[in-house]
Structures are given as structure tokens and as C-alpha cells.
file start-v9.cif (mmCIF, C-alpha atoms)
data_my_file
#
loop_
_atom_site.label_atom_id
_atom_site.label_comp_id
_atom_site.auth_asym_id
_atom_site.auth_seq_id
_atom_site.Cartn_x
_atom_site.Cartn_y
_atom_site.Cartn_z
CA MET A 138 -7.30 11.43 28.05
CA GLU A 139 -5.25 8.59 29.57
CA PRO A 140 -2.81 6.90 27.18
CA HIS A 141 -4.66 3.58 27.49
CA GLU A 142 -8.02 5.16 26.67
CA ARG A 143 -6.42 6.96 23.80
CA SER A 144 -4.92 3.80 22.47
CA GLU A 145 -8.25 1.98 22.54
CA LYS A 146 -9.95 4.88 20.77
CA CYS A 147 -7.14 5.09 18.22
CA ARG A 148 -7.59 1.40 17.42
CA GLU A 149 -11.32 1.81 17.06
CA VAL A 150 -10.90 4.80 14.76
CA PHE A 151 -8.22 2.96 12.84
CA SER A 152 -10.56 0.04 12.14
CA LEU A 153 -13.33 2.34 10.87
CA LEU A 154 -11.32 4.73 8.71
CA SER A 155 -12.29 3.30 5.32
CA GLU A 156 -15.98 3.31 6.14
CA TYR A 157 -15.57 6.85 7.41
CA LEU A 158 -13.86 7.95 4.19
CA ASN A 159 -16.55 6.16 2.14
CA LEU A 160 -19.31 8.01 4.04
CA GLU A 161 -20.72 4.63 5.05
CA LEU A 162 -20.98 5.32 8.79
CA PRO A 163 -23.97 6.74 10.66
CA PRO A 164 -23.67 10.44 11.62
CA GLU A 165 -23.02 9.71 15.32
CA ALA A 166 -20.07 7.45 14.49
CA CYS A 167 -18.68 10.11 12.13
CA GLN A 168 -18.93 12.73 14.86
CA GLU A 169 -17.10 10.46 17.31
CA ILE A 170 -14.31 9.89 14.82
CA GLU A 171 -14.02 13.57 14.01
CA SER A 172 -13.85 14.57 17.65
CA HIS A 173 -11.10 11.98 18.21
CA LEU A 174 -9.17 13.11 15.15
CA ALA A 175 -9.37 16.72 16.31
CA GLY A 176 -7.35 15.82 19.40
CA CYS A 177 -5.03 13.15 18.00
CA PRO A 178 -2.51 14.45 15.43
CA PRO A 179 -0.99 10.99 14.68
CA CYS A 180 -4.45 9.62 13.86
CA ILE A 181 -5.29 12.56 11.66
CA GLU A 182 -1.98 12.14 9.85
CA PHE A 183 -2.69 8.46 9.34
CA ALA A 184 -6.23 9.15 8.15
CA GLU A 185 -4.91 11.69 5.66
CA SER A 186 -2.39 9.21 4.27
CA LEU A 187 -5.19 6.64 3.84
CA ARG A 188 -7.37 9.22 2.12
CA LYS A 189 -4.53 9.91 -0.32
CA THR A 190 -4.08 6.18 -0.90
CA VAL A 191 -7.73 5.94 -1.94
CA GLU A 192 -7.35 8.98 -4.18
CA ILE A 193 -4.32 7.44 -5.87
CA CYS A 194 -6.11 4.11 -6.41
CA ARG A 195 -9.05 5.95 -7.97
CA GLY A 196 -6.72 7.75 -10.35
CA TYR A 197 -4.92 4.57 -11.33
CA GLN A 198 -4.61 4.21 -15.07
CA PRO A 199 -3.27 0.82 -16.07
CA ARG A 200 -0.29 0.74 -18.38
CA GLU A 201 -1.18 -2.69 -19.66
CA LEU A 202 -3.64 -2.52 -22.52
CA PRO A 203 -5.05 -5.37 -24.59
CA GLY A 204 -3.55 -5.97 -27.99
CA PRO A 205 -5.48 -4.88 -31.08
CA LEU A 206 -8.69 -6.83 -31.55
CA GLU A 207 -8.18 -9.28 -34.41
CA GLU A 208 -10.65 -9.14 -37.27
CA LYS A 209 -11.95 -12.65 -36.60
CA ALA A 210 -12.62 -11.83 -32.93
CA ARG A 211 -14.29 -8.52 -33.81
CA GLN A 212 -16.52 -10.27 -36.34
CA GLN A 213 -17.48 -12.87 -33.74
CA LEU A 214 -18.55 -10.07 -31.40
CA ALA A 215 -20.36 -8.18 -34.16
CA ASP A 216 -22.33 -11.34 -35.05
CA ALA A 217 -23.32 -11.87 -31.43
CA PHE A 218 -24.31 -8.21 -31.23
CA GLN A 219 -26.52 -8.52 -34.33
CA ARG A 220 -28.16 -11.66 -32.93
CA MET A 221 -28.88 -9.74 -29.73
CA LEU A 222 -30.52 -6.93 -31.73
CA ARG A 223 -32.66 -9.41 -33.68
CA GLN A 224 -33.80 -11.09 -30.45
CA LYS A 225 -34.73 -7.73 -28.97
CA LYS A 226 -36.65 -6.80 -32.09
CA ASN A 227 -38.53 -10.12 -32.12
CA ALA A 228 -39.33 -9.83 -28.43
CA ALA A 229 -40.69 -6.32 -28.95
CA GLY A 230 -42.69 -7.09 -32.02
CA MET B 1087 -26.29 0.81 -28.52
CA ALA B 1088 -29.32 -0.13 -30.61
CA GLY B 1089 -28.07 -0.75 -34.11
CA ARG B 1090 -25.43 2.00 -34.21
CA PRO B 1091 -22.04 0.67 -35.30
CA GLU B 1092 -20.17 3.46 -33.49
CA ALA B 1093 -21.98 2.55 -30.25
CA PHE B 1094 -20.96 -1.08 -30.71
CA ASP B 1095 -17.33 -0.06 -31.25
CA ARG B 1096 -17.36 2.23 -28.23
CA PHE B 1097 -18.91 -0.43 -26.01
CA VAL B 1098 -16.46 -3.10 -27.13
CA ASP B 1099 -13.38 -0.89 -26.88
CA HIS B 1100 -14.35 0.50 -23.48
CA PHE B 1101 -15.28 -2.77 -21.81
CA ARG B 1102 -12.60 -4.81 -23.50
CA ALA B 1103 -9.90 -2.61 -21.96
CA LYS B 1104 -11.55 -2.65 -18.53
CA ILE B 1105 -12.15 -6.40 -18.47
CA PHE B 1106 -8.66 -7.06 -19.80
CA HIS B 1107 -7.10 -5.03 -17.02
CA TYR B 1108 -9.19 -6.62 -14.26
CA SER B 1109 -8.50 -10.10 -15.63
CA TRP B 1110 -4.82 -9.45 -16.16
CA LEU B 1111 -4.45 -8.51 -12.51
CA MET B 1112 -6.63 -11.42 -11.36
CA CYS B 1113 -5.35 -14.18 -13.68
CA GLY B 1114 -1.79 -12.97 -14.03
CA HIS B 1115 -1.39 -13.79 -17.72
CA ARG B 1116 -1.87 -11.51 -20.70
CA GLU B 1117 -3.16 -14.33 -22.90
CA ASP B 1118 -5.75 -15.42 -20.32
CA ALA B 1119 -6.86 -11.81 -19.85
CA GLU B 1120 -7.35 -11.35 -23.60
CA GLU B 1121 -9.43 -14.55 -23.71
CA VAL B 1122 -11.49 -13.53 -20.68
CA ALA B 1123 -12.24 -10.16 -22.30
CA GLN B 1124 -13.42 -11.83 -25.51
CA GLU B 1125 -15.46 -14.52 -23.72
CA THR B 1126 -17.05 -11.92 -21.44
CA LEU B 1127 -18.13 -9.65 -24.31
CA LEU B 1128 -19.59 -12.61 -26.22
CA ARG B 1129 -21.51 -13.69 -23.13
CA VAL B 1130 -22.71 -10.12 -22.58
CA PHE B 1131 -24.26 -9.97 -26.07
CA GLU B 1132 -25.62 -13.51 -25.83
CA SER B 1133 -27.37 -12.93 -22.52
CA PHE B 1134 -28.26 -9.25 -22.76
CA ASP B 1135 -31.93 -10.14 -22.18
CA GLN B 1136 -30.95 -11.21 -18.65
CA LEU B 1137 -29.83 -7.72 -17.74
CA ARG B 1138 -32.70 -6.58 -15.53
CA GLU B 1139 -31.44 -3.08 -14.79
CA PRO B 1140 -29.79 -1.49 -17.86
CA GLU B 1141 -28.35 1.30 -15.72
CA ARG B 1142 -26.37 -1.35 -13.88
CA VAL B 1143 -24.58 -2.68 -16.96
CA ARG B 1144 -21.09 -2.15 -15.49
CA PRO B 1145 -21.50 -4.40 -12.43
CA TRP B 1146 -23.29 -6.96 -14.62
CA VAL B 1147 -20.38 -7.05 -17.09
CA PHE B 1148 -17.87 -7.35 -14.25
CA ARG B 1149 -19.80 -10.24 -12.72
CA ILE B 1150 -19.57 -12.11 -16.02
CA ALA B 1151 -15.86 -11.25 -16.21
CA LYS B 1152 -15.29 -12.46 -12.66
CA ASN B 1153 -16.87 -15.83 -13.49
CA ALA B 1154 -14.82 -16.12 -16.69
CA CYS B 1155 -11.69 -15.40 -14.64
CA LEU B 1156 -12.60 -18.13 -12.16
CA MET B 1157 -12.97 -20.62 -15.00
CA LYS B 1158 -9.54 -19.65 -16.31
CA ARG B 1159 -7.98 -20.02 -12.90
CA ARG B 1160 -9.58 -23.42 -12.49
CA LYS B 1161 -7.78 -24.48 -15.63
CA SER B 1162 -4.44 -23.17 -14.37
CA VAL B 1163 -3.27 -22.94 -10.78
CA PHE B 1164 -4.96 -22.31 -7.48
CA ALA B 1165 -3.30 -19.88 -5.13
CA PRO B 1166 -3.86 -20.63 -1.45
CA ARG B 1167 -6.26 -18.18 0.18
CA GLN B 1168 -4.41 -15.64 2.29
CA GLU B 1169 -5.87 -13.36 4.95
CA LEU B 1170 -4.57 -9.94 5.97
CA SER B 1171 -4.81 -9.05 9.65
CA LEU B 1172 -5.72 -5.56 10.78
CA ASP B 1173 -2.99 -5.79 13.43
CA ASP B 1174 -0.36 -6.01 10.69
CA PHE B 1175 -1.16 -2.45 9.73
CA LEU B 1176 -1.73 -0.84 13.14
CA PRO B 1177 0.58 2.12 13.64
CA ALA B 1178 3.22 1.26 16.22
CA MET B 1179 2.31 2.20 19.80
CA ASP B 1180 4.81 3.27 22.44
CA ARG B 1181 5.09 1.63 25.89
CA GLU B 1182 2.35 3.79 27.33
CA GLY B 1183 0.01 2.53 24.67
CA ALA B 1184 -0.12 5.75 22.70
CA HIS B 1185 1.19 6.08 19.20
CA SER B 1186 2.96 9.36 19.78
CA LYS B 1187 6.08 7.98 18.08
CA ILE B 1188 4.27 6.99 14.94
CA GLU B 1189 6.45 7.29 11.88
CA ILE B 1190 4.61 8.36 8.78
CA ALA B 1191 6.22 9.56 5.61
CA ASP B 1192 5.67 13.06 4.32
CA TRP B 1193 2.60 12.35 2.20
CA SER B 1194 2.45 15.94 1.00
CA ARG B 1195 5.23 14.91 -1.40
CA LEU B 1196 2.87 12.66 -3.31
CA PRO B 1197 1.97 13.81 -6.77
CA ASP B 1198 -1.73 14.40 -7.35
CA ARG B 1199 -3.77 11.92 -9.37
CA GLN B 1200 -3.38 13.74 -12.68
CA ALA B 1201 0.34 13.88 -12.33
CA LEU B 1202 0.96 10.42 -10.90
CA GLN B 1203 4.51 9.84 -11.92
CA SER B 1204 5.46 6.66 -13.68
CA GLU B 1205 7.62 5.36 -10.84
CA MET B 1206 4.79 5.89 -8.39
CA LYS B 1207 2.41 4.17 -10.81
CA GLU B 1208 4.70 1.17 -10.84
CA VAL B 1209 4.78 1.07 -7.02
CA LEU B 1210 1.00 1.19 -6.93
CA ALA B 1211 0.64 -1.49 -9.62
CA ARG B 1212 3.03 -3.69 -7.71
CA ALA B 1213 1.21 -3.10 -4.43
CA ILE B 1214 -2.07 -4.15 -6.07
CA ARG B 1215 -0.48 -7.20 -7.71
CA GLU B 1216 1.01 -8.34 -4.41
CA LEU B 1217 -2.29 -8.28 -2.54
CA PRO B 1218 -3.86 -11.67 -1.89
CA GLU B 1219 -6.40 -12.42 -4.62
CA ASN B 1220 -9.52 -12.00 -2.45
CA TYR B 1221 -8.38 -8.49 -1.46
CA ARG B 1222 -7.15 -7.56 -4.93
CA ALA B 1223 -10.57 -8.24 -6.47
CA VAL B 1224 -12.23 -5.94 -3.95
CA ILE B 1225 -9.87 -3.02 -4.37
CA LEU B 1226 -10.02 -3.27 -8.17
CA LEU B 1227 -13.80 -3.11 -8.17
CA ARG B 1228 -14.31 -0.64 -5.32
CA ASP B 1229 -11.46 1.84 -5.72
CA VAL B 1230 -10.14 1.44 -9.26
CA GLU B 1231 -13.53 0.88 -10.94
CA GLU B 1232 -15.36 2.91 -8.28
CA LEU B 1233 -18.27 0.48 -8.03
CA SER B 1234 -20.37 0.61 -4.85
CA THR B 1235 -20.06 -1.74 -1.89
CA LEU B 1236 -23.35 -3.41 -2.85
CA GLU B 1237 -22.35 -3.82 -6.51
CA THR B 1238 -18.99 -5.28 -5.49
CA ALA B 1239 -20.67 -7.64 -3.04
CA ARG B 1240 -23.02 -8.88 -5.75
CA ILE B 1241 -20.22 -9.36 -8.28
CA LEU B 1242 -18.07 -11.33 -5.87
CA ASP B 1243 -20.91 -13.17 -4.06
CA LEU B 1244 -19.88 -11.70 -0.73
CA ALA B 1245 -21.71 -10.00 2.13
CA GLU B 1246 -21.34 -6.21 2.15
CA ASP B 1247 -19.54 -6.36 5.51
CA VAL B 1248 -16.94 -8.69 4.03
CA VAL B 1249 -16.39 -6.27 1.15
CA LYS B 1250 -15.90 -3.42 3.64
CA THR B 1251 -13.43 -5.42 5.73
CA ARG B 1252 -11.41 -6.54 2.74
CA LEU B 1253 -11.40 -3.09 1.20
CA HIS B 1254 -10.07 -1.54 4.39
CA ARG B 1255 -7.27 -4.09 4.73
CA ALA B 1256 -6.36 -3.84 1.07
CA ARG B 1257 -6.13 -0.05 1.36
CA LEU B 1258 -4.01 -0.37 4.49
CA ALA B 1259 -1.65 -2.76 2.74
CA ILE B 1260 -1.28 -0.40 -0.20
CA ARG B 1261 -0.88 2.60 2.10
CA GLN B 1262 1.89 0.78 3.92
CA MET B 1263 3.76 0.10 0.71
CA LEU B 1264 3.42 3.68 -0.52
CA ASP B 1265 4.49 4.95 2.90
CA GLU B 1266 7.61 2.80 2.80
CA TYR B 1267 8.34 4.07 -0.67
CA LEU B 1268 8.05 7.70 0.44
CA ARG B 1269 10.05 7.19 3.63
CA THR B 1270 12.97 5.67 1.77
CA ASP B 1271 12.87 8.02 -1.20
CA GLY B 1272 11.88 5.11 -3.39
CA LYS B 1273 14.94 3.07 -2.42
CA ALA B 1274 13.01 0.31 -0.67
CA VAL B 1275 9.64 -1.09 -1.41
CA PRO B 1276 9.05 -4.10 0.84
CA ASN B 1277 7.92 -7.45 -0.41
CA ARG B 1278 5.00 -8.56 1.64
CA GLY B 1279 4.46 -12.12 2.78
#
call {"tool": "encode", "arguments": {"input": "start-v9.cif", "output": "C-alpha cells"}}
result
Amino acid sequence: MEPHERSEKCREVFSLLSEYLNLELPPEACQEIESHLAGCPPCIEFAESLRKTVEICRGYQPRELPGPLEEKARQQLADAFQRMLRQKKNAAG
Amino acid sequence: MAGRPEAFDRFVDHFRAKIFHYSWLMCGHREDAEEVAQETLLRVFESFDQLREPERVRPWVFRIAKNACLMKRRKSVFAPRQELSLDDFLPAMDREGAHSKIEIADWSRLPDRQALQSEMKEVLARAIRELPENYRAVILLRDVEELSTLETARILDLAEDVVKTRLHRARLAIRQMLDEYLRTDGKAVPNRG
């Protein structure tokens, strides 16, 4: 493949990588990407680093947690919850 | 949840933490995030009859949280909308137009998701925080919360194609920051923008 052609294809693959990783592309487009990746080590390396980025984001556990729920706030929620249950019961019966 | 106190506690604890985290990263203030979490849960119980598909409770809760966040932001400051360009993240090409000289860090050195080390966590948290708001919302919902493209689109009132575009650019921005971190042995993490 000529360098120019390769560059164009690399750009195209580059712009579709997330959809490819998300399995959101039609089978023909996936096949095209896979056949390009098979012959383009830099692209495959880049795709792998993006795949790992997604994996890391999915495993992200935030360090920041909310403070303990104050009694007044919990009671407010519990009251709203009870009202919701009563409404459901009335609607059903 | 019907009538069981332990189910109520589980629901509140689970969603309170999730909404807090989303709001904290979207609003930028702990106090606002705590308020958004409380307001969202109240609204959830008050309007539960509007939930048409009970199996889709998560995206429904996040939509309420997103709106509560917007109200908070309206009361504070507006950040100017910022767009990320795909070209900013294209691997460098050589003069012949091929990217044979691409420099990518050794990503095999990354810890796996179970063992994500605390320094790496901080780099990731910072990368997410530094994304423009419209990209941050998408990556939080799609990759961190693992909601679908359609669910994310509905929560954010966006077309699915816009969600896909923003997700890709957000991932590329984060990838770039992690790559820089790995290439410099953690000595340099660039500030974007």
C-alpha cells in the first residue's frame, strides 16, 4: 500500500476506533478495520492503548464519597418513599 | 423495594454514592454534589409513577440528576463550551504521510483494573476532571457508569451520533494523558487547554 493510501486508511480507522471497540459498527466495517489493523502495527498498537483506556475508565472507582447521610435528610427521603408506596397502593386498589 | 426497609437503604446508599460522584465531577463542589444527590433521590420517590420502564431505573435516575446538576450550575458559574478536535489526537505522521514513527508508551506496564494503583487513579481522575463538561458527562455515563449510547443520549438530550463522537474524543483525550504519564514514568502529566 502507498504511504498516502495508508495514511488515509489510518485516519479513517482512527476515527472509528471507539465504535469498533463498542461493537457498534456493521460487520463489513469491522472486517475492513480488522484487515487494516492486521497490516498496520502502529494502528494496532494505538487501538490496543485505546482499548486499555476504556478498560481503565470502566474500572474507575471514585475516591470521593458523600459524607454520612444526616438523620434529617434520611427521614425526608424515608417520608417521600412512604408517600410513594401509599400512592402505588391507592393506584392499585 | 416495595415496603422493605433494607431495600430502601440499599437503594438510597447505592444511588446516593453514584449521583454524588457524577455531580461532584460535573458541578465541581462537594456541597453542591451532596445537595444534588438529596434532591435527585427526593424527586425519584416523588415521581416514581412516571417511570415507564422499571428495568431502566438507572438512566431515569441519572436524567433527574443531570437536570438537578444543570440547575445548580445555573445558580453558580457557566463554563464556556469547549470542543475537542479529532486532529488534536491523531498520531503524528511522518513526511511520507505514514505514521511509522508513532511514539506510544509501553501500555503493557499498565496495571489491570483490579489493581489500578492509586497514582494511576489520580491521573485518570484528573484526566476526567480536565475534560470539557460536554465530554465529561458522556464519558461518565458511557464508560464509568456503562450505560448504553441510547440511554446516554436520552439522559443528555443528544443525538446518538453526538454521543458517539464525544465519547471517542473524550477517550482519546484520556488516552493521551495516560500515554504521556507512561512515557515519562509519571514525571509529566500535561495540562490540556
call {"tool": "residues_around", "arguments": {"input": "start-v9.cif", "residues": "region 1114-1131 of chain B", "least_positions_apart": "3", "cutoff": "7 Å", "atoms": "only C-alpha atoms", "output": "ChimeraX atom specification"}}
result
/A:203,214,217-218,221 /B:1102,1105-1106,1109-1111,1134,1147,1150-1151,1154-1155,1158
call {"tool": "resolve_selection", "arguments": {"input": "start-v9.cif", "expression": "the PyMOL selection byres ((chain A and resi 189) around 12)", "output": "ChimeraX atom specification"}}
result
/A:155,158,182-188,190-196 /B:1192-1199,1202,1229,1257-1258,1260-1262,1264-1265
call {"tool": "residues_around", "arguments": {"input": "start-v9.cif", "residues": "Asp1247 (chain B)", "least_positions_apart": "4", "cutoff": "10 Å", "atoms": "all atoms listed in the file", "output": "PyMOL selection string"}}
result
chain B and resi 1235-1236+1239+1251-1253
call {"tool": "closest_residue", "arguments": {"input": "start-v9.cif", "among": "B:Glu1266, B:Glu1237, B:Glu1141, B:Glu1231", "to": "chain A", "atoms": "only C-alpha atoms"}}
result
B:Glu1231
call {"tool": "atom_distance", "arguments": {"input": "start-v9.cif", "atom1": "CA of Arg220 (chain A)", "atom2": "CA of Pro1140 (chain B)"}}
result
18.3 Å
call {"tool": "closest_residue", "arguments": {"input": "start-v9.cif", "among": "A:Glu207, A:Glu149, A:Glu169, A:Glu201", "to": "chain B", "atoms": "all atoms listed in the file"}}
result
A:Glu201
call {"tool": "closest_residue", "arguments": {"input": "start-v9.cif", "among": "B:Ser1204, B:Asn1220, B:Gln1168, B:Asn1153", "to": "chain A", "atoms": "all atoms listed in the file"}}
result
B:Ser1204
call {"tool": "closest_residue", "arguments": {"input": "start-v9.cif", "among": "B:Glu1092, B:Val1248, B:Ala1213, B:Leu1172", "to": "Leu154 (chain A)", "atoms": "only C-alpha atoms"}}
result
B:Leu1172
